[in-house]
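Dumped model-v3.txt below, it's compact mmCIF, N, CA and C atoms:
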```txt
# COMPACT_ATOMS: atom_id res chain seq x y z
N MET A 1 -26.55 -2.34 -11.58
CA MET A 1 -26.52 -1.09 -12.31
C MET A 1 -25.48 -1.19 -13.42
N THR A 2 -25.83 -0.85 -14.61
CA THR A 2 -24.90 -0.82 -15.73
C THR A 2 -24.82 0.60 -16.25
N VAL A 3 -23.61 1.08 -16.42
CA VAL A 3 -23.38 2.39 -16.98
C VAL A 3 -23.29 2.23 -18.49
N VAL A 4 -23.96 3.08 -19.23
CA VAL A 4 -23.95 3.03 -20.68
C VAL A 4 -23.06 4.14 -21.20
N ARG A 5 -22.10 3.78 -22.02
CA ARG A 5 -21.17 4.75 -22.59
C ARG A 5 -21.86 5.51 -23.71
N LEU A 6 -21.90 6.82 -23.60
CA LEU A 6 -22.50 7.66 -24.63
C LEU A 6 -21.46 8.33 -25.52
N LEU A 7 -20.29 8.58 -24.97
CA LEU A 7 -19.22 9.26 -25.70
C LEU A 7 -17.98 8.38 -25.76
N ASP A 8 -17.06 8.76 -26.60
CA ASP A 8 -15.75 8.09 -26.70
C ASP A 8 -15.85 6.61 -27.03
N GLN A 9 -16.84 6.24 -27.80
CA GLN A 9 -17.00 4.84 -28.18
C GLN A 9 -15.97 4.39 -29.21
N ASP A 10 -15.25 5.34 -29.78
CA ASP A 10 -14.27 4.99 -30.81
C ASP A 10 -12.85 4.83 -30.26
N ARG A 11 -12.67 4.99 -28.95
CA ARG A 11 -11.33 4.79 -28.38
C ARG A 11 -10.96 3.31 -28.47
N PRO A 12 -9.67 3.01 -28.63
CA PRO A 12 -9.24 1.61 -28.75
C PRO A 12 -9.60 0.80 -27.51
N MET A 13 -9.86 -0.50 -27.74
CA MET A 13 -10.15 -1.42 -26.64
C MET A 13 -8.84 -1.90 -26.02
N LEU A 14 -8.88 -2.10 -24.71
CA LEU A 14 -7.77 -2.68 -23.96
C LEU A 14 -8.27 -3.95 -23.29
N HIS A 15 -7.42 -4.95 -23.22
CA HIS A 15 -7.78 -6.20 -22.56
C HIS A 15 -7.03 -6.28 -21.25
N PHE A 16 -7.74 -6.66 -20.19
CA PHE A 16 -7.13 -6.84 -18.88
C PHE A 16 -7.82 -8.01 -18.21
N THR A 17 -7.37 -8.39 -17.03
CA THR A 17 -8.05 -9.46 -16.32
C THR A 17 -8.75 -8.90 -15.09
N LEU A 18 -9.93 -9.42 -14.82
CA LEU A 18 -10.73 -9.04 -13.66
C LEU A 18 -11.02 -10.30 -12.88
N ASP A 19 -10.47 -10.39 -11.69
CA ASP A 19 -10.62 -11.58 -10.85
C ASP A 19 -10.23 -12.85 -11.59
N GLY A 20 -9.19 -12.75 -12.43
CA GLY A 20 -8.66 -13.90 -13.14
C GLY A 20 -9.29 -14.19 -14.49
N GLY A 21 -10.37 -13.48 -14.83
CA GLY A 21 -11.05 -13.70 -16.11
C GLY A 21 -10.82 -12.55 -17.07
N PRO A 22 -11.11 -12.75 -18.35
CA PRO A 22 -10.89 -11.70 -19.34
C PRO A 22 -11.90 -10.55 -19.20
N ALA A 23 -11.42 -9.35 -19.47
CA ALA A 23 -12.28 -8.15 -19.43
C ALA A 23 -11.75 -7.14 -20.43
N GLU A 24 -12.60 -6.21 -20.83
CA GLU A 24 -12.23 -5.17 -21.78
C GLU A 24 -12.64 -3.80 -21.27
N ALA A 25 -11.88 -2.82 -21.67
CA ALA A 25 -12.18 -1.42 -21.37
C ALA A 25 -11.70 -0.59 -22.54
N ARG A 26 -12.07 0.66 -22.53
CA ARG A 26 -11.58 1.59 -23.56
C ARG A 26 -10.35 2.31 -23.05
N GLN A 27 -9.43 2.59 -23.94
CA GLN A 27 -8.25 3.36 -23.58
C GLN A 27 -8.69 4.68 -22.94
N GLY A 28 -8.11 5.03 -21.80
CA GLY A 28 -8.48 6.24 -21.10
C GLY A 28 -9.50 6.04 -20.00
N ASP A 29 -10.09 4.82 -19.91
CA ASP A 29 -11.05 4.53 -18.84
C ASP A 29 -10.32 4.33 -17.51
N THR A 30 -10.95 4.76 -16.44
CA THR A 30 -10.46 4.37 -15.12
C THR A 30 -10.96 2.94 -14.86
N VAL A 31 -10.37 2.30 -13.88
CA VAL A 31 -10.83 0.96 -13.52
C VAL A 31 -12.30 1.02 -13.08
N LEU A 32 -12.68 2.05 -12.36
CA LEU A 32 -14.07 2.19 -11.93
C LEU A 32 -15.02 2.28 -13.13
N THR A 33 -14.67 3.09 -14.11
CA THR A 33 -15.49 3.20 -15.32
C THR A 33 -15.59 1.85 -16.02
N ALA A 34 -14.47 1.15 -16.12
CA ALA A 34 -14.47 -0.16 -16.76
C ALA A 34 -15.40 -1.13 -16.04
N LEU A 35 -15.31 -1.18 -14.72
CA LEU A 35 -16.17 -2.09 -13.96
C LEU A 35 -17.64 -1.75 -14.14
N LEU A 36 -17.97 -0.49 -14.07
CA LEU A 36 -19.37 -0.09 -14.19
C LEU A 36 -19.92 -0.33 -15.59
N THR A 37 -19.11 -0.11 -16.63
CA THR A 37 -19.59 -0.38 -17.99
C THR A 37 -19.68 -1.88 -18.25
N LEU A 38 -18.94 -2.69 -17.48
CA LEU A 38 -19.06 -4.15 -17.58
C LEU A 38 -20.27 -4.67 -16.81
N GLY A 39 -20.94 -3.78 -16.07
CA GLY A 39 -22.12 -4.18 -15.32
C GLY A 39 -21.81 -4.85 -14.00
N THR A 40 -20.63 -4.58 -13.46
CA THR A 40 -20.24 -5.17 -12.20
C THR A 40 -19.92 -4.09 -11.17
N THR A 41 -19.51 -4.48 -10.00
CA THR A 41 -19.23 -3.55 -8.92
C THR A 41 -17.79 -3.67 -8.46
N VAL A 42 -17.39 -2.76 -7.58
CA VAL A 42 -16.02 -2.77 -7.06
C VAL A 42 -15.85 -3.85 -6.00
N ARG A 43 -16.81 -3.95 -5.11
CA ARG A 43 -16.70 -4.92 -4.02
C ARG A 43 -18.06 -5.09 -3.35
N THR A 44 -18.10 -6.01 -2.39
CA THR A 44 -19.28 -6.17 -1.55
C THR A 44 -18.95 -5.56 -0.20
N SER A 45 -19.87 -4.84 0.36
CA SER A 45 -19.65 -4.18 1.63
C SER A 45 -19.37 -5.19 2.74
N GLU A 46 -18.37 -4.90 3.53
CA GLU A 46 -18.07 -5.76 4.67
C GLU A 46 -19.10 -5.60 5.79
N PHE A 47 -19.98 -4.62 5.66
CA PHE A 47 -21.00 -4.38 6.67
C PHE A 47 -22.35 -4.97 6.28
N GLY A 48 -22.38 -5.70 5.15
CA GLY A 48 -23.57 -6.42 4.78
C GLY A 48 -24.66 -5.64 4.07
N ASP A 49 -24.37 -4.44 3.57
CA ASP A 49 -25.41 -3.68 2.90
C ASP A 49 -25.34 -3.77 1.39
N GLY A 50 -24.67 -4.79 0.85
CA GLY A 50 -24.71 -5.05 -0.58
C GLY A 50 -23.50 -4.60 -1.36
N PRO A 51 -23.61 -4.66 -2.67
CA PRO A 51 -22.50 -4.31 -3.56
C PRO A 51 -22.18 -2.82 -3.52
N ARG A 52 -20.90 -2.52 -3.73
CA ARG A 52 -20.43 -1.14 -3.72
C ARG A 52 -19.87 -0.78 -5.09
N ALA A 53 -20.13 0.45 -5.53
CA ALA A 53 -19.66 0.93 -6.83
C ALA A 53 -18.85 2.21 -6.68
N GLY A 54 -18.16 2.35 -5.57
CA GLY A 54 -17.47 3.60 -5.30
C GLY A 54 -18.45 4.55 -4.63
N PHE A 55 -17.94 5.53 -3.96
CA PHE A 55 -18.81 6.46 -3.24
C PHE A 55 -18.64 7.88 -3.77
N CYS A 56 -17.42 8.40 -3.71
CA CYS A 56 -17.22 9.80 -4.10
C CYS A 56 -16.82 9.96 -5.57
N TRP A 57 -16.25 8.96 -6.17
CA TRP A 57 -15.79 8.93 -7.56
C TRP A 57 -14.67 9.92 -7.85
N MET A 58 -13.99 10.39 -6.80
CA MET A 58 -12.89 11.35 -7.03
C MET A 58 -11.67 11.09 -6.15
N GLY A 59 -11.58 9.92 -5.52
CA GLY A 59 -10.38 9.55 -4.78
C GLY A 59 -10.30 10.02 -3.35
N ALA A 60 -11.38 10.50 -2.79
CA ALA A 60 -11.33 11.02 -1.43
C ALA A 60 -11.80 10.02 -0.38
N CYS A 61 -12.71 9.13 -0.73
CA CYS A 61 -13.36 8.31 0.30
C CYS A 61 -12.69 6.96 0.56
N GLN A 62 -11.90 6.46 -0.35
CA GLN A 62 -11.21 5.17 -0.23
C GLN A 62 -12.17 3.98 -0.27
N ASP A 63 -13.37 4.16 -0.78
CA ASP A 63 -14.35 3.09 -0.84
C ASP A 63 -14.10 2.13 -2.01
N CYS A 64 -13.32 2.54 -2.99
CA CYS A 64 -13.14 1.73 -4.19
C CYS A 64 -11.77 1.06 -4.28
N PHE A 65 -11.11 0.86 -3.14
CA PHE A 65 -9.81 0.18 -3.18
C PHE A 65 -9.97 -1.25 -3.67
N LEU A 66 -9.05 -1.67 -4.51
CA LEU A 66 -8.94 -3.04 -4.98
C LEU A 66 -7.47 -3.29 -5.27
N LEU A 67 -7.14 -4.45 -5.80
CA LEU A 67 -5.74 -4.75 -6.11
C LEU A 67 -5.51 -4.63 -7.61
N VAL A 68 -4.53 -3.85 -7.99
CA VAL A 68 -4.14 -3.69 -9.38
C VAL A 68 -2.70 -4.17 -9.48
N ASP A 69 -2.51 -5.25 -10.23
CA ASP A 69 -1.19 -5.88 -10.35
C ASP A 69 -0.59 -6.14 -8.97
N GLY A 70 -1.44 -6.55 -8.02
CA GLY A 70 -1.00 -6.93 -6.69
C GLY A 70 -0.82 -5.80 -5.69
N VAL A 71 -1.11 -4.58 -6.11
CA VAL A 71 -0.92 -3.41 -5.25
C VAL A 71 -2.27 -2.74 -5.01
N ALA A 72 -2.54 -2.33 -3.76
CA ALA A 72 -3.80 -1.63 -3.46
C ALA A 72 -3.87 -0.32 -4.25
N ALA A 73 -5.01 -0.09 -4.89
CA ALA A 73 -5.20 1.12 -5.69
C ALA A 73 -6.66 1.51 -5.68
N ARG A 74 -6.92 2.79 -5.90
CA ARG A 74 -8.30 3.28 -6.02
C ARG A 74 -8.78 3.05 -7.45
N ALA A 75 -9.93 2.43 -7.59
CA ALA A 75 -10.49 2.18 -8.92
C ALA A 75 -10.83 3.48 -9.64
N CYS A 76 -11.22 4.51 -8.88
CA CYS A 76 -11.66 5.76 -9.51
C CYS A 76 -10.51 6.59 -10.05
N GLY A 77 -9.29 6.34 -9.60
CA GLY A 77 -8.16 7.16 -10.03
C GLY A 77 -7.08 6.40 -10.77
N THR A 78 -7.36 5.14 -11.10
CA THR A 78 -6.38 4.29 -11.78
C THR A 78 -6.84 4.02 -13.19
N LEU A 79 -6.02 4.38 -14.17
CA LEU A 79 -6.36 4.12 -15.57
C LEU A 79 -6.11 2.66 -15.92
N VAL A 80 -7.00 2.08 -16.70
CA VAL A 80 -6.82 0.72 -17.17
C VAL A 80 -5.64 0.69 -18.13
N ALA A 81 -4.82 -0.33 -18.02
CA ALA A 81 -3.69 -0.56 -18.94
C ALA A 81 -3.82 -1.96 -19.52
N ALA A 82 -3.38 -2.13 -20.74
CA ALA A 82 -3.42 -3.44 -21.38
C ALA A 82 -2.64 -4.46 -20.53
N GLY A 83 -3.25 -5.61 -20.29
CA GLY A 83 -2.60 -6.67 -19.54
C GLY A 83 -2.69 -6.54 -18.02
N MET A 84 -3.27 -5.46 -17.55
CA MET A 84 -3.40 -5.21 -16.12
C MET A 84 -4.23 -6.32 -15.46
N SER A 85 -3.87 -6.65 -14.22
CA SER A 85 -4.63 -7.60 -13.43
C SER A 85 -5.35 -6.84 -12.32
N VAL A 86 -6.69 -6.95 -12.30
CA VAL A 86 -7.51 -6.29 -11.29
C VAL A 86 -8.19 -7.38 -10.47
N VAL A 87 -8.05 -7.28 -9.15
CA VAL A 87 -8.69 -8.24 -8.25
C VAL A 87 -9.52 -7.44 -7.26
N ARG A 88 -10.82 -7.74 -7.25
CA ARG A 88 -11.70 -7.08 -6.28
C ARG A 88 -11.56 -7.77 -4.95
N ARG A 89 -11.70 -7.01 -3.86
CA ARG A 89 -11.55 -7.59 -2.54
C ARG A 89 -12.89 -7.94 -1.95
```
Using the file provided, produce a representation of the structure as structure tokens.
Amino acid sequence: MTVVRLLDQDRPMLHFTLDGGPAEARQGDTVLTALLTLGTTVRTSEFGDGPRAGFCWMGACQDCFLLVDGVAARACGTLVAAGMSVVRR
């Protein structure tokens, strides 16, 4: 699933790393928004039912935890910052 950005296309680009590789997002994007617009997911389910892209999208379910600069964080509530390191679990 790829999310297509319809608004805010003129916001500045930010560069960060995703699983050690280069990635881009728009200023003001959450990590979840960045991942979905890149056409990727947050993680693979540990229960074997496939890729996960967050569940509630508002910070309540804890389904989108990943590592941001080495610290566990919710993708849906964490804003992308230039130079940030994001590692999916």
Can you tell me, as AutoDock Vina command-line options, the centre and edge lengths (Å, one decimal) of the axis-aligned box enclosing all of region 17-30 of chain A's listed atoms after padding each side by 5 Å?
```
--center_x -10.0 --center_y -4.0 --center_z -17.4 --size_x 15.3 --size_y 30.4 --size_z 23.1
```
Residue with the minimum atom-to-atom distance to Met13 (chain A), picked from A:Met58, A:Ala53, A:Ala81, A:Phe65 with only C-alpha atoms counted, is A:Ala81
Nearby residues, (-8.4, -6.2, -22.7) file frame, 6.5 Å, all atoms listed in the file, as a PyMOL selection string: chain A and resi 13-17+23-25+82-83
Using only N, CA and C atoms, the best pick from A:Leu18, A:Val42, A:Val86, A:Val31 as closest to Leu67 (chain A) would be A:Val86
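Distances to Ala34 (chain A) were evaluated for A:Val80, A:Leu6, A:Val68, A:Ala60 using only N, CA and C atoms, and the minimum falls at A:Val80.
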- Task: Identify, on the basis of only N, CA and C atoms, every residue whose closest approach to Asp69 (chain A) does not exceed 7 Å; exclude the query and any residue fewer than 6 positions from it along the same chain; express the result as a PyMOL selection string.
- Result: chain A and resi 84-87
Would you pick out the contacts of Ala75 (chain A) at 6 Å or less, using all atoms listed in the file, so that residues sharing its chain but fewer than 6 positions from it are not included, and give the list as a short mmCIF file (atom, residue, chain, number, x, y, z; two decimals) with N, CA and C atoms, keeping the file's coordinate frame?
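Saved as out13.cif:
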```cif
data_model
loop_
_atom_site.label_atom_id
_atom_site.label_comp_id
_atom_site.auth_asym_id
_atom_site.auth_seq_id
_atom_site.Cartn_x
_atom_site.Cartn_y
_atom_site.Cartn_z
N THR A 30 -10.95 4.76 -16.44
CA THR A 30 -10.46 4.37 -15.12
C THR A 30 -10.96 2.94 -14.86
N VAL A 31 -10.37 2.30 -13.88
CA VAL A 31 -10.83 0.96 -13.52
C VAL A 31 -12.30 1.02 -13.08
N LEU A 32 -12.68 2.05 -12.36
CA LEU A 32 -14.07 2.19 -11.93
C LEU A 32 -15.02 2.28 -13.13
N THR A 33 -14.67 3.09 -14.11
CA THR A 33 -15.49 3.20 -15.32
C THR A 33 -15.59 1.85 -16.02
N CYS A 64 -13.32 2.54 -2.99
CA CYS A 64 -13.14 1.73 -4.19
C CYS A 64 -11.77 1.06 -4.28
N PHE A 65 -11.11 0.86 -3.14
CA PHE A 65 -9.81 0.18 -3.18
C PHE A 65 -9.97 -1.25 -3.67
N LEU A 66 -9.05 -1.67 -4.51
CA LEU A 66 -8.94 -3.04 -4.98
C LEU A 66 -7.47 -3.29 -5.27
#
```
Of A:Arg89, A:Val3, A:Gly77, A:Gln62, the one sitting nearest Gly39 (chain A) when using only N, CA and C atoms is A:Val3
Taken to one decimal, the atom C of Asp10 (chain A)-atom N of Gly70 (chain A) distance is 27.5 Å
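Take atom C of Asp63 (chain A) and CA of Leu38 (chain A): the distance between them is 17.5 Å.
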inquiry  = Can you measure CA of Asp8 (chain A) to CA of Thr40 (chain A) for me? One decimal in Å is fine.
reply    =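 According to the coordinates, CA of Asp8 (chain A) and CA of Thr40 (chain A) are separated by 20.2 Å.
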### Backbone-only DSSP, alpha helix (DSSP H) members of chain A, as a PyMOL selection string
chain A and resi 31-37
#### Entry: Nearest to Gln9 (chain A), chosen from A:Gly21, A:Arg26, A:Thr37, A:Val71, with all atoms listed in the file counted in the distances
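With all atoms listed in the file as the atom set, the closest residue is A:Arg26.
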Which is closer to Cys56 (chain A) than all the others in A:Gln27, A:Cys76, A:Pro22, A:Val4, using only N, CA and C atoms?
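Of all the options, A:Cys76 lies closest to Cys56 (chain A).
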